[in-house]
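Source file: query.json (JSON, C-alpha atoms)
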```
[["chain", "number", "residue", "atom", "x", "y", "z"],
["A", 28, "MET", "CA", 138.99, 28.21, 124.78],
["A", 29, "ASP", "CA", 141.18, 28.51, 127.86],
["A", 30, "LYS", "CA", 144.84, 27.73, 127.35],
["A", 31, "LEU", "CA", 145.64, 24.25, 128.61],
["A", 32, "ARG", "CA", 148.80, 23.78, 130.62],
["A", 33, "ILE", "CA", 150.62, 20.85, 132.13],
["A", 34, "ASN", "CA", 152.27, 21.72, 135.43],
["A", 35, "THR", "CA", 155.63, 20.17, 134.57],
["A", 36, "ARG", "CA", 158.27, 21.61, 132.25],
["A", 37, "ASN", "CA", 160.61, 18.70, 131.67],
["A", 38, "THR", "CA", 160.66, 14.92, 131.75],
["A", 39, "ASP", "CA", 162.81, 14.69, 134.87],
["A", 40, "ARG", "CA", 160.43, 16.88, 136.83],
["A", 41, "CYS", "CA", 157.44, 15.00, 135.46],
["A", 42, "ASN", "CA", 158.88, 11.68, 136.66],
["A", 43, "LYS", "CA", 159.56, 13.13, 140.10],
["A", 44, "VAL", "CA", 156.00, 14.45, 140.31],
["A", 45, "LEU", "CA", 154.57, 11.07, 139.31],
["A", 46, "GLU", "CA", 156.75, 9.26, 141.86],
["A", 47, "TYR", "CA", 155.72, 11.72, 144.58],
["A", 48, "ALA", "CA", 152.03, 11.31, 143.71],
["A", 49, "TYR", "CA", 152.36, 7.52, 143.75],
["A", 50, "LYS", "CA", 153.99, 7.51, 147.17],
["A", 51, "HIS", "CA", 151.33, 9.86, 148.54],
["A", 52, "SER", "CA", 148.42, 7.73, 147.36],
["A", 53, "THR", "CA", 147.03, 4.70, 149.19],
["A", 54, "ALA", "CA", 149.42, 1.79, 148.73],
["A", 55, "LEU", "CA", 148.47, -1.22, 146.64],
["A", 56, "PRO", "CA", 148.53, -4.74, 148.12],
["A", 57, "ALA", "CA", 152.05, -6.18, 148.14],
["A", 58, "PRO", "CA", 151.10, -9.31, 146.13],
["A", 59, "LEU", "CA", 149.84, -7.02, 143.36],
["A", 60, "THR", "CA", 152.93, -4.84, 143.10],
["A", 61, "SER", "CA", 155.21, -7.87, 143.27],
["A", 62, "TYR", "CA", 153.33, -9.46, 140.37],
["A", 63, "HIS", "CA", 153.77, -6.26, 138.38],
["A", 64, "SER", "CA", 157.53, -6.37, 139.03],
["A", 65, "GLU", "CA", 157.68, -10.03, 138.00],
["A", 66, "ALA", "CA", 155.85, -9.35, 134.75],
["A", 67, "VAL", "CA", 158.06, -6.37, 133.90],
["A", 68, "ALA", "CA", 161.20, -8.43, 134.53],
["A", 69, "SER", "CA", 160.09, -11.54, 132.64],
["A", 70, "ARG", "CA", 158.12, -10.33, 129.60],
["A", 71, "ASP", "CA", 159.34, -8.53, 126.50],
["A", 72, "ASP", "CA", 155.83, -7.14, 125.97],
["A", 73, "SER", "CA", 155.45, -5.78, 129.51],
["A", 74, "ALA", "CA", 154.73, -2.31, 128.11],
["A", 75, "MET", "CA", 151.17, -3.64, 127.80],
["A", 76, "LEU", "CA", 150.84, -3.63, 131.60],
["A", 77, "SER", "CA", 148.90, -0.90, 133.32],
["A", 78, "SER", "CA", 151.04, 1.06, 135.76],
["A", 79, "ASN", "CA", 150.79, 0.66, 139.51],
["A", 80, "ALA", "CA", 149.73, 4.30, 139.69],
["A", 81, "GLN", "CA", 146.84, 3.68, 137.32],
["A", 82, "SER", "CA", 145.80, 0.72, 139.45],
["A", 83, "GLN", "CA", 145.68, 3.06, 142.45],
["A", 84, "LEU", "CA", 143.15, 5.13, 140.50],
["A", 85, "HIS", "CA", 141.14, 2.04, 139.57],
["A", 86, "GLY", "CA", 140.98, 0.89, 143.17],
["A", 87, "PHE", "CA", 139.94, 4.34, 144.34],
["A", 88, "LEU", "CA", 137.14, 4.49, 141.77],
["A", 89, "ALA", "CA", 135.93, 0.99, 142.59],
["A", 90, "ARG", "CA", 135.68, 1.76, 146.27],
["A", 91, "ALA", "CA", 134.19, 5.22, 145.65],
["A", 92, "VAL", "CA", 131.25, 3.80, 143.69],
["A", 93, "GLY", "CA", 130.92, 0.72, 145.90],
["A", 94, "ALA", "CA", 131.67, -1.60, 142.98],
["A", 95, "ARG", "CA", 131.01, -5.29, 143.47],
["A", 96, "ASN", "CA", 130.94, -6.53, 139.87],
["A", 97, "VAL", "CA", 133.67, -5.55, 137.42],
["A", 98, "LEU", "CA", 134.12, -6.55, 133.79],
["A", 99, "GLU", "CA", 137.49, -6.30, 132.07],
["A", 100, "VAL", "CA", 137.84, -6.58, 128.29],
["A", 101, "GLY", "CA", 141.45, -7.59, 127.61],
["A", 102, "VAL", "CA", 143.13, -9.47, 130.46],
["A", 103, "TYR", "CA", 146.71, -9.94, 129.19],
["A", 104, "VAL", "CA", 148.59, -11.64, 132.07],
["A", 105, "GLY", "CA", 146.00, -10.68, 134.68],
["A", 106, "TYR", "CA", 147.66, -7.78, 136.47],
["A", 107, "SER", "CA", 144.84, -5.26, 136.09],
["A", 108, "ALA", "CA", 142.17, -7.91, 136.75],
["A", 109, "MET", "CA", 144.07, -8.74, 139.92],
["A", 110, "ALA", "CA", 143.96, -5.07, 140.91],
["A", 111, "TRP", "CA", 140.19, -5.04, 140.42],
["A", 112, "ALA", "CA", 139.87, -8.26, 142.44],
["A", 113, "TYR", "CA", 141.64, -6.71, 145.41],
["A", 114, "ALA", "CA", 139.57, -3.53, 145.03],
["A", 115, "VAL", "CA", 136.16, -5.24, 145.13],
["A", 116, "GLY", "CA", 137.18, -7.72, 147.83],
["A", 117, "SER", "CA", 136.13, -11.30, 148.36],
["A", 118, "ALA", "CA", 132.43, -10.36, 148.25],
["A", 119, "GLY", "CA", 132.85, -8.94, 144.73],
["A", 120, "THR", "CA", 133.50, -10.55, 141.37],
["A", 121, "VAL", "CA", 135.68, -9.77, 138.37],
["A", 122, "THR", "CA", 135.04, -11.19, 134.91],
["A", 123, "GLY", "CA", 137.77, -10.91, 132.30],
["A", 124, "LEU", "CA", 137.50, -11.47, 128.56],
["A", 125, "GLU", "CA", 140.72, -12.59, 126.85],
["A", 126, "VAL", "CA", 141.21, -13.79, 123.28],
["A", 127, "ASP", "CA", 144.53, -15.58, 123.93],
["A", 128, "GLU", "CA", 144.28, -18.94, 125.71],
["A", 129, "GLY", "CA", 147.95, -18.83, 126.71],
["A", 130, "LEU", "CA", 147.64, -15.43, 128.37],
["A", 131, "ALA", "CA", 144.42, -16.52, 130.06],
["A", 132, "GLY", "CA", 146.28, -19.50, 131.53],
["A", 133, "ILE", "CA", 149.04, -17.28, 132.87],
["A", 134, "ALA", "CA", 146.46, -14.98, 134.46],
["A", 135, "ARG", "CA", 144.54, -17.85, 136.05],
["A", 136, "GLY", "CA", 147.76, -19.22, 137.51],
["A", 137, "ALA", "CA", 148.63, -15.84, 138.99],
["A", 138, "PHE", "CA", 145.19, -15.54, 140.59],
["A", 139, "ALA", "CA", 145.43, -19.04, 142.07],
["A", 140, "GLU", "CA", 148.92, -18.41, 143.48],
["A", 141, "ARG", "CA", 147.57, -15.41, 145.37],
["A", 142, "GLY", "CA", 144.41, -17.09, 146.56],
["A", 143, "LEU", "CA", 142.10, -14.91, 144.51],
["A", 144, "GLY", "CA", 138.96, -16.90, 143.86],
["A", 145, "ASN", "CA", 136.77, -14.02, 142.76],
["A", 146, "VAL", "CA", 138.12, -13.70, 139.19],
["A", 147, "GLU", "CA", 136.83, -15.57, 136.14],
["A", 148, "VAL", "CA", 138.49, -15.44, 132.71],
["A", 149, "VAL", "CA", 136.38, -16.15, 129.62],
["A", 150, "VAL", "CA", 138.45, -17.07, 126.55],
["A", 151, "GLY", "CA", 137.37, -15.96, 123.10],
["A", 152, "ASN", "CA", 136.94, -12.96, 120.85],
["A", 153, "ALA", "CA", 135.28, -10.31, 123.01],
["A", 154, "ALA", "CA", 133.12, -9.24, 120.07],
["A", 155, "GLU", "CA", 131.50, -12.67, 120.44],
["A", 156, "THR", "CA", 131.76, -13.36, 124.18],
["A", 157, "LEU", "CA", 130.64, -9.94, 125.43],
["A", 158, "PRO", "CA", 127.09, -10.10, 124.00],
["A", 159, "LYS", "CA", 126.64, -13.56, 125.54],
["A", 160, "LEU", "CA", 127.43, -12.55, 129.11],
["A", 161, "LYS", "CA", 124.59, -12.98, 131.59],
["A", 162, "PRO", "CA", 125.82, -11.61, 134.93],
["A", 163, "SER", "CA", 123.63, -12.25, 137.95],
["A", 164, "GLU", "CA", 123.91, -8.53, 138.73],
["A", 165, "PRO", "CA", 124.74, -5.67, 136.35],
["A", 166, "TYR", "CA", 128.37, -4.56, 136.17],
["A", 167, "ASP", "CA", 129.36, -1.51, 138.18],
["A", 168, "ILE", "CA", 132.58, -0.91, 136.24],
["A", 169, "VAL", "CA", 133.85, -2.00, 132.83],
["A", 170, "PHE", "CA", 137.53, -1.63, 131.92],
["A", 171, "LEU", "CA", 138.32, -1.59, 128.19],
["A", 172, "ASP", "CA", 141.93, -2.52, 127.48],
["A", 173, "ALA", "CA", 141.80, -4.76, 124.43],
["A", 174, "ASP", "CA", 142.10, -4.28, 120.66],
["A", 175, "LYS", "CA", 141.53, -0.60, 119.99],
["A", 176, "PRO", "CA", 139.58, -1.04, 116.71],
["A", 177, "GLY", "CA", 137.09, -3.07, 118.75],
["A", 178, "TYR", "CA", 136.35, -0.33, 121.29],
["A", 179, "ILE", "CA", 133.34, 1.14, 119.47],
["A", 180, "GLY", "CA", 131.77, -2.29, 119.06],
["A", 181, "TYR", "CA", 132.25, -3.06, 122.74],
["A", 182, "LEU", "CA", 130.70, 0.27, 123.68],
["A", 183, "ASP", "CA", 127.74, -0.34, 121.39],
["A", 184, "THR", "CA", 127.13, -3.74, 122.99],
["A", 185, "LEU", "CA", 127.38, -2.36, 126.52],
["A", 186, "LEU", "CA", 124.95, 0.46, 125.80],
["A", 187, "GLY", "CA", 122.62, -1.64, 123.67],
["A", 188, "GLN", "CA", 122.27, -4.25, 126.40],
["A", 189, "SER", "CA", 121.78, -1.67, 129.16],
["A", 190, "LEU", "CA", 118.71, 0.20, 127.95],
["A", 191, "PRO", "CA", 116.71, 2.31, 130.41],
["A", 192, "GLY", "CA", 113.75, 0.42, 131.82],
["A", 193, "SER", "CA", 115.06, -2.99, 130.78],
["A", 194, "ARG", "CA", 114.40, -5.86, 133.19],
["A", 195, "TRP", "CA", 117.93, -7.12, 132.53],
["A", 196, "ARG", "CA", 121.01, -5.09, 131.61],
["A", 197, "LEU", "CA", 124.79, -5.44, 131.46],
["A", 198, "LEU", "CA", 125.47, -2.11, 133.19],
["A", 199, "ARG", "CA", 123.73, -0.64, 136.17],
["A", 200, "PRO", "CA", 122.54, 2.97, 135.96],
["A", 201, "GLY", "CA", 125.50, 5.20, 136.77],
["A", 202, "ALA", "CA", 128.04, 2.51, 135.90],
["A", 203, "LEU", "CA", 131.58, 3.52, 134.92],
["A", 204, "ILE", "CA", 133.29, 2.52, 131.69],
["A", 205, "ILE", "CA", 137.04, 3.11, 131.81],
["A", 206, "ALA", "CA", 138.80, 3.06, 128.44],
["A", 207, "ASP", "CA", 142.59, 2.76, 128.36],
["A", 208, "ASN", "CA", 145.11, 3.94, 125.75],
["A", 209, "VAL", "CA", 142.89, 6.65, 124.29],
["A", 210, "LEU", "CA", 145.82, 8.98, 123.46],
["A", 211, "ARG", "CA", 148.46, 6.49, 122.28],
["A", 212, "SER", "CA", 151.58, 8.41, 123.25],
["A", 213, "GLY", "CA", 149.98, 11.62, 122.01],
["A", 214, "HIS", "CA", 149.46, 10.46, 118.41],
["A", 215, "VAL", "CA", 145.69, 10.73, 118.71],
["A", 216, "ALA", "CA", 145.99, 14.45, 119.49],
["A", 217, "ASP", "CA", 149.03, 15.36, 117.36],
["A", 218, "ASP", "CA", 149.52, 14.18, 113.77],
["A", 219, "SER", "CA", 153.04, 15.60, 113.65],
["A", 220, "LEU", "CA", 154.50, 13.02, 116.03],
["A", 221, "PRO", "CA", 156.63, 10.31, 114.37],
["A", 222, "PHE", "CA", 155.54, 6.69, 114.70],
["A", 223, "ASP", "CA", 157.82, 4.14, 116.35],
["A", 224, "ASP", "CA", 158.78, 0.91, 114.58],
["A", 225, "SER", "CA", 156.50, -1.39, 116.59],
["A", 226, "ARG", "CA", 154.16, -1.50, 113.58],
["A", 227, "SER", "CA", 153.99, -0.12, 110.04],
["A", 228, "ASP", "CA", 152.98, 3.49, 109.48],
["A", 229, "GLU", "CA", 149.83, 2.29, 107.72],
["A", 230, "SER", "CA", 148.93, 0.09, 110.68],
["A", 231, "TRP", "CA", 149.62, 2.96, 113.06],
["A", 232, "ARG", "CA", 147.32, 5.30, 111.12],
["A", 233, "SER", "CA", 144.51, 2.74, 111.09],
["A", 234, "HIS", "CA", 145.02, 2.18, 114.81],
["A", 235, "ILE", "CA", 144.96, 5.89, 115.63],
["A", 236, "ASP", "CA", 141.92, 6.51, 113.42],
["A", 237, "ALA", "CA", 140.00, 3.82, 115.33],
["A", 238, "ILE", "CA", 140.79, 5.42, 118.68],
["A", 239, "ARG", "CA", 139.84, 8.87, 117.42],
["A", 240, "ALA", "CA", 136.51, 7.50, 116.21],
["A", 241, "PHE", "CA", 135.92, 5.96, 119.63],
["A", 242, "ASN", "CA", 136.81, 9.18, 121.44],
["A", 243, "ASP", "CA", 134.48, 11.17, 119.18],
["A", 244, "ARG", "CA", 131.69, 8.66, 119.75],
["A", 245, "CYS", "CA", 132.05, 8.86, 123.53],
["A", 246, "VAL", "CA", 131.87, 12.63, 123.79],
["A", 247, "ALA", "CA", 128.91, 12.75, 121.37],
["A", 248, "GLU", "CA", 126.92, 10.01, 123.15],
["A", 249, "ALA", "CA", 124.07, 11.61, 125.10],
["A", 250, "ARG", "CA", 123.88, 8.64, 127.47],
["A", 251, "LEU", "CA", 127.46, 9.15, 128.64],
["A", 252, "GLU", "CA", 129.23, 11.73, 130.75],
["A", 253, "THR", "CA", 132.84, 11.73, 129.58],
["A", 254, "PHE", "CA", 136.11, 12.89, 131.10],
["A", 255, "MET", "CA", 139.44, 12.14, 129.44],
["A", 256, "LEU", "CA", 142.49, 12.05, 131.69],
["A", 257, "PRO", "CA", 145.73, 13.02, 129.88],
["A", 258, "LEU", "CA", 147.68, 10.65, 132.13],
["A", 259, "TRP", "CA", 149.71, 7.55, 131.29],
["A", 260, "ASP", "CA", 148.57, 6.60, 127.75],
["A", 261, "GLY", "CA", 145.26, 8.43, 128.09],
["A", 262, "VAL", "CA", 142.33, 7.16, 130.16],
["A", 263, "SER", "CA", 138.70, 8.04, 129.47],
["A", 264, "LEU", "CA", 136.20, 7.86, 132.32],
["A", 265, "LEU", "CA", 132.66, 7.37, 131.05],
["A", 266, "ARG", "CA", 129.63, 7.45, 133.33],
["A", 267, "LEU", "CA", 126.36, 5.94, 132.16],
["A", 268, "ARG", "CA", 123.71, 8.56, 132.87],
["A", 269, "ASP", "CA", 120.80, 6.12, 132.77]]
```
Could you spell out this file's structure in structure tokens?
Amino acid sequence: MDKLRINTRNTDRCNKVLEYAYKHSTALPAPLTSYHSEAVASRDDSAMLSSNAQSQLHGFLARAVGARNVLEVGVYVGYSAMAWAYAVGSAGTVTGLEVDEGLAGIARGAFAERGLGNVEVVVGNAAETLPKLKPSEPYDIVFLDADKPGYIGYLDTLLGQSLPGSRWRLLRPGALIIADNVLRSGHVADDSLPFDDSRSDESWRSHIDAIRAFNDRCVAEARLETFMLPLWDGVSLLRLRD
């Protein structure tokens, strides 16, 4: 196996590289970046937000594949769904699944304030709401950013309801599934790293084991082409072959 290298040698240089890359990528809409800043300033749990740089990637991918219908599993306060909404434009649609009614309300308010009428938020456990979705057209992109132990179940539903030759399917052939947080600060790849105190060690181990199982499932699934980006908290890009 070829030796893998990261082209930065210290944290300061890494941050400078990331800032340079962000500034030399197509800018995000101002209402989107301002909402990100507001959420960071006002919420103690803002670490759950996707970064603006990751949203640049999402927008690029959406436009590259000509996405018009996007599904997001895990909406939080609506920042990433908002990014998808801008990426697909007024002719596209974004459907978000969120278990928390309060967070869904915050997200809906943010969409309304910015005049985004192409986003719908469905409240409920995604394990129950996902199988019931009946989109008028198959989804071009699905973004998984919810409870990590649920990832495999969501993947099974997406694949099971997108069978080749089916008259109706959740995903179009060639659709992208983007899974967030697949490295969890490196813990998924390195058992020697110490856990932080955001949860118990037992909870951390269960959490990490679930993500590892998902990652293993993705790379072993013949219907998927998989590429894991070691950026941010780890992002897997999955392309449905059929």
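You will find CA of Tyr49 in chain A at 5.8 Å from CA of Ala80 in chain A.
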Do you have, as CSV, the list of residues of range 116-181 of chain A lying at most 7 Å from range 95-102 of chain A, each with its nearest atom pair and that distance in Å to one decimal, counting only C-alpha atoms and ordered by chain then number?
```
residue,atom,partner,partner_atom,distance
A:Gly119,CA,A:Arg95,CA,4.3
A:Thr120,CA,A:Asn96,CA,5.0
A:Val121,CA,A:Val97,CA,4.8
A:Thr122,CA,A:Leu98,CA,4.9
A:Gly123,CA,A:Glu99,CA,4.6
A:Leu124,CA,A:Val100,CA,4.9
A:Glu125,CA,A:Gly101,CA,5.1
A:Ala153,CA,A:Val100,CA,7.0
A:Tyr166,CA,A:Asn96,CA,4.9
A:Asp167,CA,A:Asn96,CA,5.5
A:Ile168,CA,A:Val97,CA,4.9
A:Val169,CA,A:Leu98,CA,4.7
A:Phe170,CA,A:Glu99,CA,4.7
A:Leu171,CA,A:Val100,CA,5.0
A:Asp172,CA,A:Gly101,CA,5.1
A:Ala173,CA,A:Gly101,CA,4.3
```
**Prompt:** So, counting only C-alpha atoms, which residue among A:Leu143, A:Ala110, A:Val115, A:Leu185 is closest to Thr60 in chain A?
**Reply:** A:Ala110
**Request:** Rank nothing, just name the residue among A:Asn242, A:Thr253, A:Ser107, A:Ser193 nearest to Ser77 in chain A, using only C-alpha atoms.
**Result:**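 Of A:Asn242, A:Thr253, A:Ser107, A:Ser193, the one nearest Ser77 in chain A is A:Ser107, counting only C-alpha atoms.
In this structure, CA of Ala237 in chain A sits 5.1 Å away from CA of Pro176 in chain A.
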**Complete:** Expressed in Å, the length from CA of Val146 in chain A to CA of Arg90 in chain A is 17.2 Å
To box range 144-151 of chain A, take all atoms listed in the file, fit an axis-aligned box, add 8 Å on each side, and give centre and edge lengths in Å to one decimal, as AutoDock Vina command-line options.
```
--center_x 137.7 --center_y -15.4 --center_z 133.5 --size_x 18.6 --size_y 19.4 --size_z 36.8
```
**Asked** Which of these residues is nearest to Leu264 in chain A, using all atoms listed in the file: A:Ala57, A:Cys245, A:Val104, A:Val148?
**Response**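 With all atoms listed in the file as the atom set, the closest residue is A:Cys245.
Residues with at least one atom no more than 12 Å from (132.3, 11.3, 122.7), using only C-alpha atoms, are A:Ile179, A:Leu182, A:Ala206, A:Val209, A:Ile238, A:Arg239, A:Ala240, A:Phe241, A:Asn242, A:Asp243, A:Arg244, A:Cys245, A:Val246, A:Ala247, A:Glu248, A:Ala249, A:Arg250, A:Leu251, A:Glu252, A:Thr253, A:Phe254, A:Met255, A:Ser263, A:Leu264, A:Leu265, A:Arg266.
Checking A:Tyr106, A:Trp111, A:Tyr47, A:Phe87 one by one against Met75 in chain A, counting all atoms listed in the file, you find the shortest gap at A:Tyr106.
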**Item:** Residues near Gly136 in chain A, cut-off 12 Å, all atoms listed in the file, skip fewer than 4 positions along chain, as a PyMOL selection string
**Value:** chain A and resi 62+104-106+109+129-132+140-144+146-148
